[in-house]
Amino acid sequence: MFAKRTNWNLETNRLSAALAAHRQAGKPLIDLTVSNPTECGFQYDETAILNALRNPAALNYEPNPRGLAATRAAVAQYYAARGAVVSNEDTFLTTSTSEAYSYVFRTLCDPDDEILVPEPSYPLFEFLADIQDVRLVRYPLVYDYGWQIDFHTLEKAITTRTRGVIVVHPNNPTGHFCKPEEMRKLSEICAARKVAIIADEVFLDFVLKGKQASTFAANSRALTFTLSGLSKICGLPQMKAAWLIVSGPEGLKSEALSRLEVIADTYLSMSAPIQLAIPAFLERRYAFQKQVIERVRENLAELDMQLAAQKSCSRLEVEGGWNAVIRVPATRTDEEFALELLATKGVSVHPGHFYDFPSEGHAVVSLITPGSEFSRGLRQLFLQL
Ligand SMILES: Cc1ncc(COP(=O)(O)O)c(C=O)c1O
């Protein structure tokens, strides 16, 4: 009775099962994988957030496939603050970046068409692609004192079925930004091979060193879909508010816009109270981001201090985002490492394979973990080695 596309193997993996059993048994747990900002002890202006949700204008229904114009204007202002010009007409509001991905996949791909995704990266894409009947093809990121795109392999991976290249900027969990030279080269390749760029910028504001990174949102060199939203920018994943911006050569852009308009008009998925609240949420992003960046810097400093006191591990460069990748001895699989750490020390980390690291020897920790927990968890991790 069911579609092949939903014929997933939903058995829990060994680590999730061990974690559930650990919790069930009521054993103490130091969780170094926390990614929900609402549970990390950050201060939110609760009154302002709740007041923004009780706008009387929410009593009217104003359907618009792109979302309310005033809200899109606030999104345009977000980009204007980074020096990028984004038009209201090129913006669609969505309930999540995941929904934005699905709109883009639906706009670009027939069943079994291909989308290139970075490796390592965030594991979200697998299910999104399955649901939209899209095939994911990986292109490698290589690490050499910092991460970069392996353009040679990326180009070779493009076939007549390739419709888009996803770039996560900065990438999760590697925390590296796509450099201006890489943006230029990627645009050149995509324009020449008639493939779109799909840029996921949910962590764009979380820069640890140096100046703001530039956005893909105004990229006119190739057809580009730029995705972002409030989950990370404002630390409000529960509000379900995100967006999708289309840019590129005029003909391609208007074709994409008119197709997207039909998809968005079919769902009209944004609720009025949230759309009306987005401008107020965005205004408050600086206060949230300041706390996150401070936390991430402090945790990185703590990690470096503890790394300096031992010899078997090191960490990879982090330029932004919320995670750090620790190189651990590859004497067992990363899953076995994580299982043992949980069993013996009650500490939870993500094994590298969760993010498709191509080799063993990586553990990923969340840099937004509350400081004292982060420090205790790391101490236990290094004790185990
Ligand atoms: C790179 C990346 N993109 C998208 C998302 C999901 O964002 P949203 O809540 O808007 O679907 C995440 C969540 O962790 C992420 O890491």
# chains A, B, ... in the order shown; residues from 1 in each chain; ligands from 1
call {"tool": "closest_atom_pairs", "arguments": {"of": "segment 182-237 of chain A", "to": "segment 96-109 of chain A", "cutoff": "8 Å", "atoms": "only C-alpha atoms", "output": "Markdown table"}}
result
| residue | atom | partner | partner_atom | distance |
| --- | --- | --- | --- | --- |
| A:Phe225 | CA | A:Val104 | CA | 7.5 |
| A:Leu227 | CA | A:Thr97 | CA | 6.0 |
| A:Ser228 | CA | A:Thr97 | CA | 6.1 |
| A:Gly229 | CA | A:Thr97 | CA | 6.5 |
call {"tool": "residues_around", "arguments": {"residues": "Ile326 of chain A", "least_positions_apart": "3", "cutoff": "6 Å", "atoms": "only C-alpha atoms", "output": "ChimeraX atom specification"}}
result
/A:314-315,362-363
call {"tool": "write_last_selection", "arguments": {"atoms": "N, CA and C atoms", "output": "mmCIF file, in the first residue's frame"}}
result
data_model
loop_
_atom_site.group_PDB
_atom_site.id
_atom_site.type_symbol
_atom_site.label_atom_id
_atom_site.label_comp_id
_atom_site.auth_asym_id
_atom_site.auth_seq_id
_atom_site.Cartn_x
_atom_site.Cartn_y
_atom_site.Cartn_z
ATOM 1 N N SER A 314 43.292 16.592 18.443
ATOM 2 C CA SER A 314 43.463 17.984 18.017
ATOM 3 C C SER A 314 42.106 18.441 17.489
ATOM 4 N N ARG A 315 42.010 19.717 17.148
ATOM 5 C CA ARG A 315 40.727 20.124 16.563
ATOM 6 C C ARG A 315 40.971 20.746 15.200
ATOM 7 N N HIS A 362 36.753 11.232 13.874
ATOM 8 C CA HIS A 362 36.186 12.562 14.131
ATOM 9 C C HIS A 362 35.031 12.474 15.134
ATOM 10 N N ALA A 363 35.033 13.404 16.097
ATOM 11 C CA ALA A 363 33.886 13.555 17.001
ATOM 12 C C ALA A 363 33.449 15.015 16.895
#
call {"tool": "closest_atom_pairs", "arguments": {"of": "chain A", "to": "ligand 1", "cutoff": "10 Å", "atoms": "only C-alpha atoms and all ligand atoms", "output": "JSON lines"}}
result
{"residue": "A:Ser35", "atom": "CA", "partner": "ligand 1", "partner_atom_place_in_ligand_line": "14 (O)", "distance": 7.1}
{"residue": "A:Asn36", "atom": "CA", "partner": "ligand 1", "partner_atom_place_in_ligand_line": "14 (O)", "distance": 8.5}
{"residue": "A:Thr94", "atom": "CA", "partner": "ligand 1", "partner_atom_place_in_ligand_line": "10 (O)", "distance": 8.7}
{"residue": "A:Thr95", "atom": "CA", "partner": "ligand 1", "partner_atom_place_in_ligand_line": "10 (O)", "distance": 7.3}
{"residue": "A:Ser96", "atom": "CA", "partner": "ligand 1", "partner_atom_place_in_ligand_line": "10 (O)", "distance": 3.8}
{"residue": "A:Thr97", "atom": "CA", "partner": "ligand 1", "partner_atom_place_in_ligand_line": "10 (O)", "distance": 3.8}
{"residue": "A:Ser98", "atom": "CA", "partner": "ligand 1", "partner_atom_place_in_ligand_line": "11 (O)", "distance": 4.3}
{"residue": "A:Glu99", "atom": "CA", "partner": "ligand 1", "partner_atom_place_in_ligand_line": "11 (O)", "distance": 6.9}
{"residue": "A:Ala100", "atom": "CA", "partner": "ligand 1", "partner_atom_place_in_ligand_line": "11 (O)", "distance": 8.2}
{"residue": "A:Tyr101", "atom": "CA", "partner": "ligand 1", "partner_atom_place_in_ligand_line": "11 (O)", "distance": 8.8}
{"residue": "A:Ser121", "atom": "CA", "partner": "ligand 1", "partner_atom_place_in_ligand_line": "1 (C)", "distance": 7.6}
{"residue": "A:Tyr122", "atom": "CA", "partner": "ligand 1", "partner_atom_place_in_ligand_line": "1 (C)", "distance": 5.7}
{"residue": "A:Pro123", "atom": "CA", "partner": "ligand 1", "partner_atom_place_in_ligand_line": "16 (O)", "distance": 8.4}
{"residue": "A:Leu124", "atom": "CA", "partner": "ligand 1", "partner_atom_place_in_ligand_line": "5 (C)", "distance": 7.3}
{"residue": "A:Phe125", "atom": "CA", "partner": "ligand 1", "partner_atom_place_in_ligand_line": "3 (N)", "distance": 8.8}
{"residue": "A:Val167", "atom": "CA", "partner": "ligand 1", "partner_atom_place_in_ligand_line": "1 (C)", "distance": 9.2}
{"residue": "A:Val168", "atom": "CA", "partner": "ligand 1", "partner_atom_place_in_ligand_line": "1 (C)", "distance": 5.9}
{"residue": "A:His169", "atom": "CA", "partner": "ligand 1", "partner_atom_place_in_ligand_line": "1 (C)", "distance": 7.9}
{"residue": "A:Pro170", "atom": "CA", "partner": "ligand 1", "partner_atom_place_in_ligand_line": "1 (C)", "distance": 7.9}
{"residue": "A:Asn171", "atom": "CA", "partner": "ligand 1", "partner_atom_place_in_ligand_line": "1 (C)", "distance": 6.3}
{"residue": "A:Asn172", "atom": "CA", "partner": "ligand 1", "partner_atom_place_in_ligand_line": "1 (C)", "distance": 5.3}
{"residue": "A:Pro173", "atom": "CA", "partner": "ligand 1", "partner_atom_place_in_ligand_line": "16 (O)", "distance": 7.8}
{"residue": "A:Gly175", "atom": "CA", "partner": "ligand 1", "partner_atom_place_in_ligand_line": "1 (C)", "distance": 10.0}
{"residue": "A:Ala199", "atom": "CA", "partner": "ligand 1", "partner_atom_place_in_ligand_line": "3 (N)", "distance": 9.5}
{"residue": "A:Asp200", "atom": "CA", "partner": "ligand 1", "partner_atom_place_in_ligand_line": "3 (N)", "distance": 5.9}
{"residue": "A:Glu201", "atom": "CA", "partner": "ligand 1", "partner_atom_place_in_ligand_line": "1 (C)", "distance": 7.3}
{"residue": "A:Val202", "atom": "CA", "partner": "ligand 1", "partner_atom_place_in_ligand_line": "3 (N)", "distance": 5.8}
{"residue": "A:Phe203", "atom": "CA", "partner": "ligand 1", "partner_atom_place_in_ligand_line": "1 (C)", "distance": 7.2}
{"residue": "A:Leu204", "atom": "CA", "partner": "ligand 1", "partner_atom_place_in_ligand_line": "1 (C)", "distance": 9.9}
{"residue": "A:Leu227", "atom": "CA", "partner": "ligand 1", "partner_atom_place_in_ligand_line": "3 (N)", "distance": 8.3}
{"residue": "A:Ser228", "atom": "CA", "partner": "ligand 1", "partner_atom_place_in_ligand_line": "10 (O)", "distance": 6.7}
{"residue": "A:Gly229", "atom": "CA", "partner": "ligand 1", "partner_atom_place_in_ligand_line": "10 (O)", "distance": 5.4}
{"residue": "A:Leu230", "atom": "CA", "partner": "ligand 1", "partner_atom_place_in_ligand_line": "10 (O)", "distance": 6.8}
{"residue": "A:Ser231", "atom": "CA", "partner": "ligand 1", "partner_atom_place_in_ligand_line": "9 (O)", "distance": 5.0}
{"residue": "A:Lys232", "atom": "CA", "partner": "ligand 1", "partner_atom_place_in_ligand_line": "7 (O)", "distance": 7.3}
{"residue": "A:Ile233", "atom": "CA", "partner": "ligand 1", "partner_atom_place_in_ligand_line": "10 (O)", "distance": 9.6}
{"residue": "A:Gly235", "atom": "CA", "partner": "ligand 1", "partner_atom_place_in_ligand_line": "9 (O)", "distance": 9.7}
{"residue": "A:Leu236", "atom": "CA", "partner": "ligand 1", "partner_atom_place_in_ligand_line": "9 (O)", "distance": 8.6}
{"residue": "A:Pro237", "atom": "CA", "partner": "ligand 1", "partner_atom_place_in_ligand_line": "9 (O)", "distance": 5.4}
{"residue": "A:Gln238", "atom": "CA", "partner": "ligand 1", "partner_atom_place_in_ligand_line": "9 (O)", "distance": 8.2}
{"residue": "A:Met239", "atom": "CA", "partner": "ligand 1", "partner_atom_place_in_ligand_line": "9 (O)", "distance": 9.1}
{"residue": "A:Lys240", "atom": "CA", "partner": "ligand 1", "partner_atom_place_in_ligand_line": "9 (O)", "distance": 6.8}
{"residue": "A:Ala241", "atom": "CA", "partner": "ligand 1", "partner_atom_place_in_ligand_line": "10 (O)", "distance": 6.9}
{"residue": "A:Ala242", "atom": "CA", "partner": "ligand 1", "partner_atom_place_in_ligand_line": "10 (O)", "distance": 5.7}
{"residue": "A:Trp243", "atom": "CA", "partner": "ligand 1", "partner_atom_place_in_ligand_line": "10 (O)", "distance": 8.5}
{"residue": "A:Gly321", "atom": "CA", "partner": "ligand 1", "partner_atom_place_in_ligand_line": "16 (O)", "distance": 8.9}
{"residue": "A:Trp322", "atom": "CA", "partner": "ligand 1", "partner_atom_place_in_ligand_line": "16 (O)", "distance": 9.0}
{"residue": "A:Asn323", "atom": "CA", "partner": "ligand 1", "partner_atom_place_in_ligand_line": "16 (O)", "distance": 9.9}
call {"tool": "residues_around", "arguments": {"residues": "Leu342 of chain A", "least_positions_apart": "2", "cutoff": "12 Å", "atoms": "only C-alpha atoms", "output": "NGL selection string"}}
result
:A and (14-23 or 27-32 or 335-340 or 344-351 or 377 or 380-381 or 384)
call {"tool": "write_last_selection", "arguments": {"atoms": "N, CA and C atoms", "output": "mmCIF file, in the first residue's frame"}}
result
data_model
loop_
_atom_site.group_PDB
_atom_site.id
_atom_site.type_symbol
_atom_site.label_atom_id
_atom_site.label_comp_id
_atom_site.auth_asym_id
_atom_site.auth_seq_id
_atom_site.Cartn_x
_atom_site.Cartn_y
_atom_site.Cartn_z
ATOM 1 N N ARG A 14 22.669 2.091 16.720
ATOM 2 C CA ARG A 14 23.166 1.631 18.036
ATOM 3 C C ARG A 14 23.332 2.794 19.015
ATOM 4 N N LEU A 15 23.828 3.906 18.495
ATOM 5 C CA LEU A 15 24.084 5.039 19.390
ATOM 6 C C LEU A 15 22.775 5.639 19.915
ATOM 7 N N SER A 16 21.791 5.821 19.033
ATOM 8 C CA SER A 16 20.510 6.386 19.496
ATOM 9 C C SER A 16 19.867 5.448 20.509
ATOM 10 N N ALA A 17 19.960 4.131 20.238
ATOM 11 C CA ALA A 17 19.363 3.158 21.160
ATOM 12 C C ALA A 17 20.077 3.235 22.523
ATOM 13 N N ALA A 18 21.416 3.333 22.490
ATOM 14 C CA ALA A 18 22.178 3.395 23.744
ATOM 15 C C ALA A 18 21.840 4.673 24.518
ATOM 16 N N LEU A 19 21.673 5.756 23.774
ATOM 17 C CA LEU A 19 21.360 7.040 24.405
ATOM 18 C C LEU A 19 19.969 6.980 25.057
ATOM 19 N N ALA A 20 19.006 6.387 24.329
ATOM 20 C CA ALA A 20 17.643 6.272 24.873
ATOM 21 C C ALA A 20 17.665 5.411 26.143
ATOM 22 N N ALA A 21 18.433 4.314 26.108
ATOM 23 C CA ALA A 21 18.498 3.412 27.272
ATOM 24 C C ALA A 21 19.162 4.132 28.450
ATOM 25 N N HIS A 22 20.201 4.919 28.151
ATOM 26 C CA HIS A 22 20.923 5.678 29.172
ATOM 27 C C HIS A 22 19.954 6.645 29.877
ATOM 28 N N ARG A 23 19.171 7.333 29.061
ATOM 29 C CA ARG A 23 18.203 8.303 29.613
ATOM 30 C C ARG A 23 17.130 7.579 30.415
ATOM 31 N N LYS A 27 20.413 7.648 34.178
ATOM 32 C CA LYS A 27 21.842 7.871 34.454
ATOM 33 C C LYS A 27 22.215 9.312 34.109
ATOM 34 N N PRO A 28 23.202 9.870 34.823
ATOM 35 C CA PRO A 28 23.595 11.251 34.497
ATOM 36 C C PRO A 28 24.182 11.328 33.082
ATOM 37 N N LEU A 29 23.866 12.430 32.399
ATOM 38 C CA LEU A 29 24.316 12.583 31.012
ATOM 39 C C LEU A 29 24.883 13.980 30.811
ATOM 40 N N ILE A 30 26.057 14.061 30.205
ATOM 41 C CA ILE A 30 26.575 15.368 29.766
ATOM 42 C C ILE A 30 26.436 15.371 28.250
ATOM 43 N N ASP A 31 25.533 16.217 27.777
ATOM 44 C CA ASP A 31 25.195 16.183 26.352
ATOM 45 C C ASP A 31 25.987 17.249 25.598
ATOM 46 N N LEU A 32 26.980 16.799 24.831
ATOM 47 C CA LEU A 32 27.779 17.752 24.043
ATOM 48 C C LEU A 32 27.268 17.843 22.607
ATOM 49 N N GLU A 335 31.589 5.548 15.748
ATOM 50 C CA GLU A 335 30.405 5.137 16.496
ATOM 51 C C GLU A 335 30.818 4.402 17.775
ATOM 52 N N GLU A 336 31.825 3.522 17.645
ATOM 53 C CA GLU A 336 32.291 2.799 18.842
ATOM 54 C C GLU A 336 32.870 3.773 19.860
ATOM 55 N N PHE A 337 33.587 4.771 19.371
ATOM 56 C CA PHE A 337 34.144 5.792 20.271
ATOM 57 C C PHE A 337 33.016 6.477 21.048
ATOM 58 N N ALA A 338 31.970 6.894 20.313
ATOM 59 C CA ALA A 338 30.852 7.606 20.951
ATOM 60 C C ALA A 338 30.102 6.675 21.921
ATOM 61 N N LEU A 339 29.936 5.410 21.526
ATOM 62 C CA LEU A 339 29.242 4.446 22.396
ATOM 63 C C LEU A 339 30.006 4.233 23.695
ATOM 64 N N GLU A 340 31.326 4.110 23.571
ATOM 65 C CA GLU A 340 32.153 3.849 24.752
ATOM 66 C C GLU A 340 32.160 5.068 25.689
ATOM 67 N N THR A 344 30.948 4.680 29.449
ATOM 68 C CA THR A 344 31.902 4.758 30.554
ATOM 69 C C THR A 344 31.881 6.106 31.266
ATOM 70 N N LYS A 345 31.586 7.179 30.535
ATOM 71 C CA LYS A 345 31.663 8.524 31.141
ATOM 72 C C LYS A 345 30.335 9.277 31.137
ATOM 73 N N GLY A 346 29.321 8.725 30.486
ATOM 74 C CA GLY A 346 28.030 9.420 30.427
ATOM 75 C C GLY A 346 28.077 10.703 29.610
ATOM 76 N N VAL A 347 28.944 10.707 28.569
ATOM 77 C CA VAL A 347 29.068 11.909 27.740
ATOM 78 C C VAL A 347 28.603 11.576 26.320
ATOM 79 N N SER A 348 27.782 12.462 25.774
ATOM 80 C CA SER A 348 27.269 12.233 24.421
ATOM 81 C C SER A 348 27.935 13.176 23.421
ATOM 82 N N VAL A 349 28.512 12.595 22.355
ATOM 83 C CA VAL A 349 29.061 13.387 21.233
ATOM 84 C C VAL A 349 28.505 12.796 19.943
ATOM 85 N N HIS A 350 28.601 13.556 18.852
ATOM 86 C CA HIS A 350 28.203 13.013 17.546
ATOM 87 C C HIS A 350 29.416 12.388 16.871
ATOM 88 N N PRO A 351 29.301 11.130 16.446
ATOM 89 C CA PRO A 351 30.399 10.550 15.676
ATOM 90 C C PRO A 351 30.476 11.217 14.298
ATOM 91 N N GLY A 377 32.299 17.853 30.299
ATOM 92 C CA GLY A 377 32.163 16.795 29.296
ATOM 93 C C GLY A 377 33.494 16.543 28.587
ATOM 94 N N GLN A 380 35.989 14.638 30.695
ATOM 95 C CA GLN A 380 35.693 13.194 30.687
ATOM 96 C C GLN A 380 36.133 12.567 29.365
ATOM 97 N N LEU A 381 35.890 13.287 28.280
ATOM 98 C CA LEU A 381 36.256 12.758 26.955
ATOM 99 C C LEU A 381 37.772 12.506 26.889
ATOM 100 N N GLN A 384 39.083 9.603 28.870
ATOM 101 C CA GLN A 384 38.829 8.267 28.327
ATOM 102 C C GLN A 384 39.963 7.797 27.405
#
call {"tool": "atom_distance", "arguments": {"atom1": "atom CA of Tyr139 of chain A", "atom2": "atom CA of Gly164 of chain A"}}
result
12.0 Å
call {"tool": "atom_distance", "arguments": {"atom1": "atom CA of Ala52 of chain A", "atom2": "atom CA of Ala277 of chain A"}}
result
4.9 Å
call {"tool": "residues_around", "arguments": {"residues": "Val34 of chain A", "least_positions_apart": "4", "cutoff": "8 Å", "atoms": "only C-alpha atoms", "output": "list in words"}}
result
Cys40, Ser366, Ile368 and Thr369 of chain A
call {"tool": "atom_distance", "arguments": {"atom1": "atom CA of Asp130 of chain A", "atom2": "atom CA of Arg5 of chain A"}}
result
6.0 Å
call {"tool": "residues_around", "arguments": {"residues": "segment 357-361 of chain A", "least_positions_apart": "5", "cutoff": "10 Å", "atoms": "only C-alpha atoms", "output": "ChimeraX atom specification"}}
result
/A:119-121,140-141,313,325-335,337,351-352
call {"tool": "residues_around", "arguments": {"residues": "Cys190 of chain A", "least_positions_apart": "2", "cutoff": "9 Å", "atoms": "only C-alpha atoms", "output": "PDB file with C-alpha atoms, in the first residue's frame"}}
result
ATOM      1  CA  GLY A 164      21.733  21.982  -8.418  1.00  0.00           C
ATOM      2  CA  VAL A 165      24.735  22.225  -6.109  1.00  0.00           C
ATOM      3  CA  LYS A 185      34.317  29.765  -9.290  1.00  0.00           C
ATOM      4  CA  LEU A 186      31.190  27.892  -8.220  1.00  0.00           C
ATOM      5  CA  SER A 187      29.035  30.470 -10.027  1.00  0.00           C
ATOM      6  CA  GLU A 188      31.150  30.139 -13.171  1.00  0.00           C
ATOM      7  CA  ALA A 192      28.374  27.133 -17.691  1.00  0.00           C
ATOM      8  CA  ARG A 193      26.820  23.742 -16.867  1.00  0.00           C
ATOM      9  CA  LYS A 194      23.255  25.120 -16.421  1.00  0.00           C
ATOM     10  CA  VAL A 195      23.030  24.016 -12.815  1.00  0.00           C
ATOM     11  CA  ALA A 196      21.618  26.092  -9.945  1.00  0.00           C
ATOM     12  CA  ILE A 197      23.337  27.033  -6.691  1.00  0.00           C
ATOM     13  CA  ARG A 221      26.209  35.112 -12.033  1.00  0.00           C
ATOM     14  CA  ALA A 222      24.232  31.841 -11.845  1.00  0.00           C
ATOM     15  CA  LEU A 223      20.681  30.906 -10.910  1.00  0.00           C
TER      16      LEU A 223
END
call {"tool": "select_by_dssp", "arguments": {"residues": "segment 130-365 of chain A", "states": "strand (DSSP E or B)", "output": "JSON, numbers by chain"}}
result
{"A": [135, 136, 137, 138, 139, 140, 141, 142, 143, 147, 148, 149, 162, 163, 164, 165, 166, 167, 168, 196, 197, 198, 199, 200, 207, 224, 225, 226, 227, 228, 229, 242, 243, 244, 245, 246, 247, 314, 315, 320, 323, 324, 325, 326, 327, 347, 348, 350, 351, 362, 363, 364, 365]}
call {"tool": "closest_atom_pairs", "arguments": {"of": "segment 132-243 of chain A", "to": "segment 79-82 of chain A", "cutoff": "9 Å", "atoms": "only C-alpha atoms", "output": "Markdown table"}}
result
| residue | atom | partner | partner_atom | distance |
| --- | --- | --- | --- | --- |
| A:Gln212 | CA | A:Arg82 | CA | 7.5 |
| A:Ala213 | CA | A:Arg82 | CA | 8.5 |
| A:Ser214 | CA | A:Arg82 | CA | 7.4 |
| A:Thr215 | CA | A:Arg82 | CA | 7.9 |
| A:Ala217 | CA | A:Tyr79 | CA | 7.8 |
| A:Ala218 | CA | A:Tyr79 | CA | 8.9 |
call {"tool": "residues_around", "arguments": {"residues": "segment 263-274 of chain A", "least_positions_apart": "5", "cutoff": "6 Å", "atoms": "only C-alpha atoms", "output": "ChimeraX atom specification"}}
result
/A:53,58,65,95
call {"tool": "closest_residue", "arguments": {"among": "A:Ala3, A:Phe354, A:Phe206, A:Ser220", "to": "Glu294 of chain A", "atoms": "only C-alpha atoms"}}
result
A:Phe206
call {"tool": "closest_residue", "arguments": {"among": "A:Gln275, A:Ala280, A:Glu155, A:Asp90", "to": "Thr224 of chain A", "atoms": "only C-alpha atoms"}}
result
A:Asp90
